[in-house]
$ cat my_file27.cif   # mmCIF, C-alpha atoms and all ligand atoms
data_structure
loop_
_atom_site.label_atom_id
_atom_site.label_comp_id
_atom_site.auth_asym_id
_atom_site.auth_seq_id
_atom_site.Cartn_x
_atom_site.Cartn_y
_atom_site.Cartn_z
CA MET A 27 84.84 151.36 89.64
CA SER A 28 83.31 154.01 91.86
CA ILE A 29 83.13 153.80 95.64
CA SER A 30 79.36 153.39 95.61
CA LYS A 31 79.58 150.60 93.04
CA ASN A 32 82.29 148.82 95.04
CA LEU A 33 80.21 149.18 98.18
CA ASN A 34 77.02 147.85 96.58
CA ASN A 35 78.94 145.00 95.01
CA ILE A 36 80.37 143.92 98.37
CA LYS A 37 77.08 144.40 100.22
CA SER A 38 75.31 142.19 97.69
CA GLN A 39 77.70 139.36 98.65
CA LEU A 40 77.33 139.64 102.41
CA PRO A 41 74.91 137.37 104.27
CA ALA A 42 72.35 139.29 106.34
CA HIS A 43 74.03 138.44 109.67
CA VAL A 44 77.37 139.97 108.63
CA THR A 45 78.02 143.66 109.39
CA LEU A 46 80.20 145.70 107.05
CA VAL A 47 82.69 148.17 108.51
CA ALA A 48 83.97 150.51 105.78
CA VAL A 49 87.63 151.10 106.61
CA SER A 50 88.37 154.65 105.51
CA LYS A 51 91.83 155.30 106.98
CA THR A 52 93.98 157.71 104.91
CA LYS A 53 91.01 158.50 102.64
CA PRO A 54 89.62 162.04 102.20
CA ILE A 55 86.22 163.17 103.47
CA SER A 56 84.90 163.29 99.88
CA ASP A 57 85.46 159.52 99.60
CA LEU A 58 83.75 158.87 102.92
CA MET A 59 80.82 161.04 101.84
CA GLU A 60 80.45 159.00 98.66
CA ALA A 61 80.11 155.86 100.79
CA TYR A 62 77.78 157.70 103.17
CA ASP A 63 75.56 158.84 100.31
CA ALA A 64 75.42 155.22 99.12
CA GLY A 65 73.98 154.31 102.52
CA GLN A 66 77.04 153.26 104.53
CA ARG A 67 76.82 154.29 108.21
CA ILE A 68 79.58 152.26 109.87
CA PHE A 69 83.13 153.50 109.32
CA GLY A 70 86.39 152.15 110.75
CA GLU A 71 89.52 154.20 111.39
CA ASN A 72 92.99 153.28 112.71
CA TYR A 73 94.44 156.59 113.86
CA VAL A 74 92.96 158.63 116.72
CA GLN A 75 93.70 162.10 115.35
CA GLU A 76 92.33 161.22 111.92
CA LEU A 77 89.21 159.69 113.44
CA VAL A 78 88.54 162.77 115.59
CA GLU A 79 88.93 165.11 112.61
CA LYS A 80 86.66 163.04 110.38
CA GLN A 81 84.02 162.65 113.07
CA GLU A 82 83.83 166.43 113.36
CA GLN A 83 83.29 166.84 109.63
CA MET A 84 80.98 163.95 108.84
CA PRO A 85 77.21 163.62 109.54
CA ASN A 86 76.39 162.63 113.10
CA ASP A 87 74.39 159.48 112.41
CA ILE A 88 77.61 157.56 111.67
CA GLN A 89 78.81 154.78 113.94
CA TRP A 90 82.57 155.14 114.26
CA HIS A 91 84.64 152.05 114.97
CA PHE A 92 88.22 152.28 116.14
CA ILE A 93 90.09 149.35 114.60
CA GLY A 94 93.75 150.30 115.17
CA HIS A 95 96.10 149.83 118.07
CA LEU A 96 94.79 152.17 120.78
CA GLN A 97 97.15 153.81 123.26
CA SER A 98 95.67 154.39 126.72
CA ARG A 99 96.55 158.07 126.76
CA LYS A 100 94.47 158.66 123.61
CA VAL A 101 91.27 156.96 124.75
CA LYS A 102 89.86 160.25 126.10
CA LEU A 103 89.88 161.77 122.61
CA ILE A 104 87.48 159.21 121.14
CA ALA A 105 85.47 158.28 124.26
CA PRO A 106 82.77 160.94 123.67
CA PHE A 107 81.57 159.35 120.43
CA VAL A 108 83.22 156.04 119.47
CA SER A 109 80.69 153.23 119.07
CA LEU A 110 82.94 150.14 119.02
CA ILE A 111 86.62 149.63 119.83
CA HIS A 112 87.91 146.51 118.04
CA GLY A 113 91.47 146.06 119.25
CA VAL A 114 91.39 145.88 123.05
CA ASP A 115 94.38 143.80 124.08
CA SER A 116 95.04 144.58 127.75
CA LEU A 117 93.25 145.06 131.04
CA LYS A 118 94.97 148.42 131.45
CA LEU A 119 93.41 149.65 128.22
CA LEU A 120 90.00 148.29 129.21
CA GLN A 121 90.23 150.14 132.54
CA GLU A 122 91.09 153.39 130.79
CA ILE A 123 88.19 152.96 128.35
CA ASN A 124 85.87 152.35 131.31
CA LYS A 125 87.15 155.47 133.07
CA GLN A 126 86.78 157.73 130.05
CA ALA A 127 83.38 156.26 129.17
CA ALA A 128 82.21 157.02 132.72
CA LYS A 129 83.35 160.64 132.37
CA ASN A 130 81.15 160.86 129.27
CA ASN A 131 78.22 159.03 130.87
CA ARG A 132 78.50 156.32 128.28
CA VAL A 133 78.89 152.58 127.97
CA ILE A 134 81.46 151.77 125.28
CA ASP A 135 81.32 148.45 123.44
CA CYS A 136 84.64 146.66 123.05
CA LEU A 137 86.04 143.66 121.22
CA LEU A 138 88.99 141.78 122.66
CA GLN A 139 91.72 141.23 120.11
CA VAL A 140 93.01 137.67 119.95
CA PHE A 141 96.39 136.83 118.49
CA ILE A 142 95.90 134.17 115.81
CA ALA A 143 98.66 134.94 113.28
CA GLU A 144 102.09 133.41 112.99
CA GLU A 145 103.81 136.79 112.76
CA GLU A 146 105.53 138.45 115.68
CA SER A 147 104.22 141.86 114.72
CA LYS A 148 100.49 141.51 115.28
CA PHE A 149 98.90 142.64 118.52
CA GLY A 150 96.53 140.56 120.55
CA LEU A 151 95.87 138.32 123.51
CA ASP A 152 96.64 134.63 123.73
CA GLU A 153 93.88 132.34 124.97
CA GLN A 154 95.04 132.40 128.56
CA GLU A 155 95.23 136.20 128.71
CA LEU A 156 91.81 136.38 127.08
CA ASN A 157 90.30 134.11 129.71
CA GLU A 158 92.00 136.05 132.51
CA ILE A 159 90.51 139.34 131.31
CA LEU A 160 87.03 137.83 130.96
CA GLU A 161 87.24 136.29 134.40
CA HIS A 162 88.49 139.51 135.96
CA VAL A 163 85.73 141.63 134.40
CA HIS A 164 83.14 139.04 135.38
CA ASN A 165 84.30 138.90 139.01
CA ASP A 166 84.80 142.63 139.36
CA LYS A 167 81.84 143.88 137.32
CA GLU A 168 81.11 146.82 139.65
CA ASN A 169 84.31 148.40 138.36
CA TYR A 170 83.47 147.87 134.70
CA LYS A 171 80.03 149.43 134.45
CA ASN A 172 80.97 151.67 131.53
CA ILE A 173 82.29 149.05 129.16
CA ARG A 174 80.67 146.06 127.54
CA ILE A 175 82.68 143.25 126.00
CA VAL A 176 80.62 142.28 122.97
CA GLY A 177 82.95 140.04 121.02
CA LEU A 178 86.34 139.13 119.63
CA MET A 179 88.52 140.46 116.84
CA GLY A 180 91.42 138.84 115.03
CA MET A 181 93.73 139.30 112.07
CA ALA A 182 95.17 136.43 110.08
CA THR A 183 98.79 136.20 108.97
CA PHE A 184 99.59 138.39 105.95
CA THR A 185 100.11 135.58 103.46
CA GLU A 186 98.82 134.26 100.16
CA ASN A 187 98.41 130.84 101.73
CA GLN A 188 94.63 130.40 102.01
CA ASN A 189 94.99 127.21 104.04
CA GLN A 190 97.01 129.06 106.65
CA ILE A 191 94.47 131.89 106.83
CA GLU A 192 91.59 129.44 107.03
CA LYS A 193 93.28 127.57 109.86
CA GLU A 194 93.71 130.80 111.82
CA PHE A 195 90.11 131.95 111.25
CA LYS A 196 88.80 128.55 112.32
CA HIS A 197 90.94 128.70 115.43
CA LEU A 198 89.44 132.05 116.39
CA LYS A 199 85.92 130.74 115.70
CA THR A 200 86.58 127.82 118.05
CA ILE A 201 87.69 130.21 120.80
CA PHE A 202 84.63 132.39 120.09
CA ASP A 203 82.26 129.40 120.36
CA THR A 204 83.82 128.22 123.62
CA ILE A 205 83.50 131.65 125.18
CA THR A 206 79.96 132.31 123.97
CA SER A 207 78.73 129.01 125.39
CA CYS A 208 80.23 129.94 128.80
CA THR A 209 79.05 133.55 128.84
CA ASP A 210 75.56 132.65 127.54
CA ALA A 211 75.19 130.35 130.52
CA ILE A 212 76.29 133.12 132.90
CA ASN A 213 74.04 135.69 131.26
CA ARG A 214 71.00 133.48 131.70
CA VAL A 215 71.57 133.67 135.46
CA SER A 216 72.56 137.33 135.70
CA PRO A 217 73.00 139.63 132.73
CA GLU A 218 76.28 141.46 132.78
CA ASN A 219 78.75 143.46 130.79
CA ILE A 220 80.13 140.48 128.94
CA ASP A 221 77.88 139.59 126.04
CA ILE A 222 79.94 137.95 123.32
CA LYS A 223 78.11 138.08 120.00
CA ILE A 224 80.40 139.76 117.46
CA LEU A 225 83.25 137.99 115.69
CA SER A 226 85.23 140.63 113.77
CA MET A 227 87.47 138.96 111.20
CA GLY A 228 88.09 139.43 107.50
CA MET A 229 89.48 142.26 105.37
CA SER A 230 89.48 142.98 101.59
CA GLY A 231 91.64 139.98 100.72
CA ASP A 232 90.06 137.37 102.94
CA TYR A 233 86.54 138.39 103.95
CA GLN A 234 84.74 135.64 102.01
CA LEU A 235 86.91 133.04 103.69
CA ALA A 236 86.36 134.73 107.06
CA ILE A 237 82.59 134.63 106.58
CA SER A 238 82.69 130.95 105.67
CA CYS A 239 84.62 130.43 108.93
CA GLY A 240 81.97 132.22 111.02
CA SER A 241 82.78 135.94 110.91
CA THR A 242 79.89 138.28 111.77
CA MET A 243 81.72 141.55 111.05
CA VAL A 244 84.11 142.32 108.19
CA ARG A 245 86.46 145.32 108.02
CA ILE A 246 86.91 146.28 104.38
CA GLY A 247 89.02 149.17 103.12
CA SER A 248 90.81 148.92 99.79
CA SER A 249 88.07 146.93 98.03
CA ILE A 250 85.73 149.86 98.69
CA PHE A 251 87.97 152.93 98.54
CA GLY A 252 90.87 151.68 96.39
CA THR A 253 94.48 151.14 97.41
CA ARG A 254 95.90 153.40 100.10
CA ASN A 255 98.71 155.90 99.73
CA TYR A 256 100.66 156.24 102.97
CA GLN A 257 102.72 159.42 103.25
C1 LIG A 301 93.46 148.63 107.30
C2 LIG A 301 92.72 147.61 108.07
C3 LIG A 301 91.65 146.89 107.50
C4 LIG A 301 91.23 147.04 106.04
O1 LIG A 301 92.19 146.50 105.19
P1 LIG A 301 91.89 146.26 103.62
O2 LIG A 301 92.82 145.18 103.26
O3 LIG A 301 92.16 147.54 102.94
O4 LIG A 301 90.47 145.85 103.50
C5 LIG A 301 90.97 146.00 108.30
N1 LIG A 301 91.30 145.80 109.58
C6 LIG A 301 92.32 146.46 110.18
C7 LIG A 301 92.64 146.20 111.59
C8 LIG A 301 93.07 147.38 109.43
O5 LIG A 301 94.09 148.01 110.02
#
$ encode --input "my_file27.cif" --output "structure tokens" --more "lines below"
Ligand SMILES: *Cc1c(COP(=O)(O)O)cnc(C)c1O
Amino acid sequence: MSISKNLNNIKSQLPAHVTLVAVSKTKPISDLMEAYDAGQRIFGENYVQELVEKQEQMPNDIQWHFIGHLQSRKVKLIAPFVSLIHGVDSLKLLQEINKQAAKNNRVIDCLLQVFIAEEESKFGLDEQELNEILEHVHNDKENYKNIRIVGLMGMATFTENQNQIEKEFKHLKTIFDTITSCTDAINRVSPENIDIKILSMGMSGDYQLAISCGSTMVRIGSSIFGTRNYQ
């Protein structure tokens, strides 16, 4: 199957409220261009250097999402152009994003990454840390004028067990619903830089399940571009 066929096949299955991020990490520009020519405009990358190089070579109407684990010292490299950062998992990182966004006269949209898996290896905030960050940004909004928290992101455990994955997605959806009901109430009184509306969950192997659990944004790589070859 070609990239454009894969892309059209997936898009035909997505409900209208679900946004598709084409995850193009490790793939050559020619593959990205095939997806671009088939109409895809949102691309997700995991590595800063690779993202910067691809952004320079690709058309400038692309929205680039950073979906990997972002180190504070590398934020400045993507701050001029990145449109959404999915994996924000500390206040320190959020502060650095705000600082670099300010230098570029931008407001950068961010998703807070929530830890929902059973594995030790996955990054993310627990519920308490998540609430602390939201409260801090809400109370100190003058110092966070160049970021906007627009949603949550999570990754399920890497397992074949669909029940386990479903349980984790539903857990994240519950957290998402709790937070949106609080922040919607706040925003009715005074609009601010917390506006939770995106729930980023679901990859090639589990996006249908994620959507049935309430995902509004899926990050799909191998089902579009084929399996990856890491060197
Ligand atoms: C690589 C990656 C994806 C895409 O994975 P596929 O299984 O190839 O669809 C999605 N999200 C994150 C955070 C990733 O690192």
$ closest_residue --input "my_file27.cif" --among "A:Gly113, A:Gly150, A:Gly94, A:Pro85" --to "Val49 (chain A)" --atoms "all atoms listed in the file"
A:Gly94
$ atom_distance --input "my_file27.cif" --atom1 "CA of Ile88 (chain A)" --atom2 "CA of Ser249 (chain A)"
20.2 Å
$ residues_near_point --input "my_file27.cif" --point "(81.3, 140.5, 98.2)" --cutoff "12 Å" --atoms "only C-alpha atoms" --output "list of chain:residue names"
A:Lys31, A:Asn32, A:Leu33, A:Asn34, A:Asn35, A:Ile36, A:Lys37, A:Ser38, A:Gln39, A:Leu40, A:Pro41, A:Val44, A:Leu46, A:Gly228, A:Met229, A:Ser230, A:Gly231, A:Asp232, A:Tyr233, A:Gln234, A:Leu235, A:Ala236, A:Ile237, A:Val244, A:Ile246, A:Ser249, A:Ile250
$ residues_near_ligand --input "my_file27.cif" --ligand "ligand LIG 301 (chain A)" --cutoff "12 Å" --atoms "all atoms listed in the file" --output "PyMOL selection string"
chain A and resi 36+46-53+69-73+91-96+111-114+137+139-140+148-150+179-182+184+226-234+243-256
$ closest_residue --input "my_file27.cif" --among "A:Ser207, A:Ser116, A:Ser98, A:Thr45" --to "Leu151 (chain A)" --atoms "only C-alpha atoms"
A:Ser116
$ atom_distance --input "my_file27.cif" --atom1 "CA of Asn219 (chain A)" --atom2 "CA of Lys171 (chain A)"
7.1 Å
$ residues_around --input "my_file27.cif" --residues "Val133 (chain A)" --least-positions-apart "3" --cutoff "9 Å" --atoms "all atoms listed in the file" --output "NGL selection string"
:A and (124 or 127-128 or 130 or 171-174)
$ atom_distance --input "my_file27.cif" --atom1 "CA of Ile134 (chain A)" --atom2 "CA of Ser241 (chain A)"
21.4 Å
$ residues_near_point --input "my_file27.cif" --point "(80.8, 161.7, 100.2)" --cutoff "12 Å" --atoms "all atoms listed in the file" --output "PyMOL selection string"
chain A and resi 28-30+50+53-67+80+83-85+251
$ closest_residue --input "my_file27.cif" --among "A:Ser238, A:Leu178, A:Lys125, A:Asn131" --to "Ile224 (chain A)" --atoms "all atoms listed in the file"
A:Leu178
$ residues_around --input "my_file27.cif" --residues "Ile175 (chain A)" --least-positions-apart "2" --cutoff "8 Å" --atoms "only C-alpha atoms" --output "list in words"
Asp135, Cys136, Leu137, Leu138, Ile173, Gly177, Asn219, Ile220, Asp221 and Ile222 of chain A
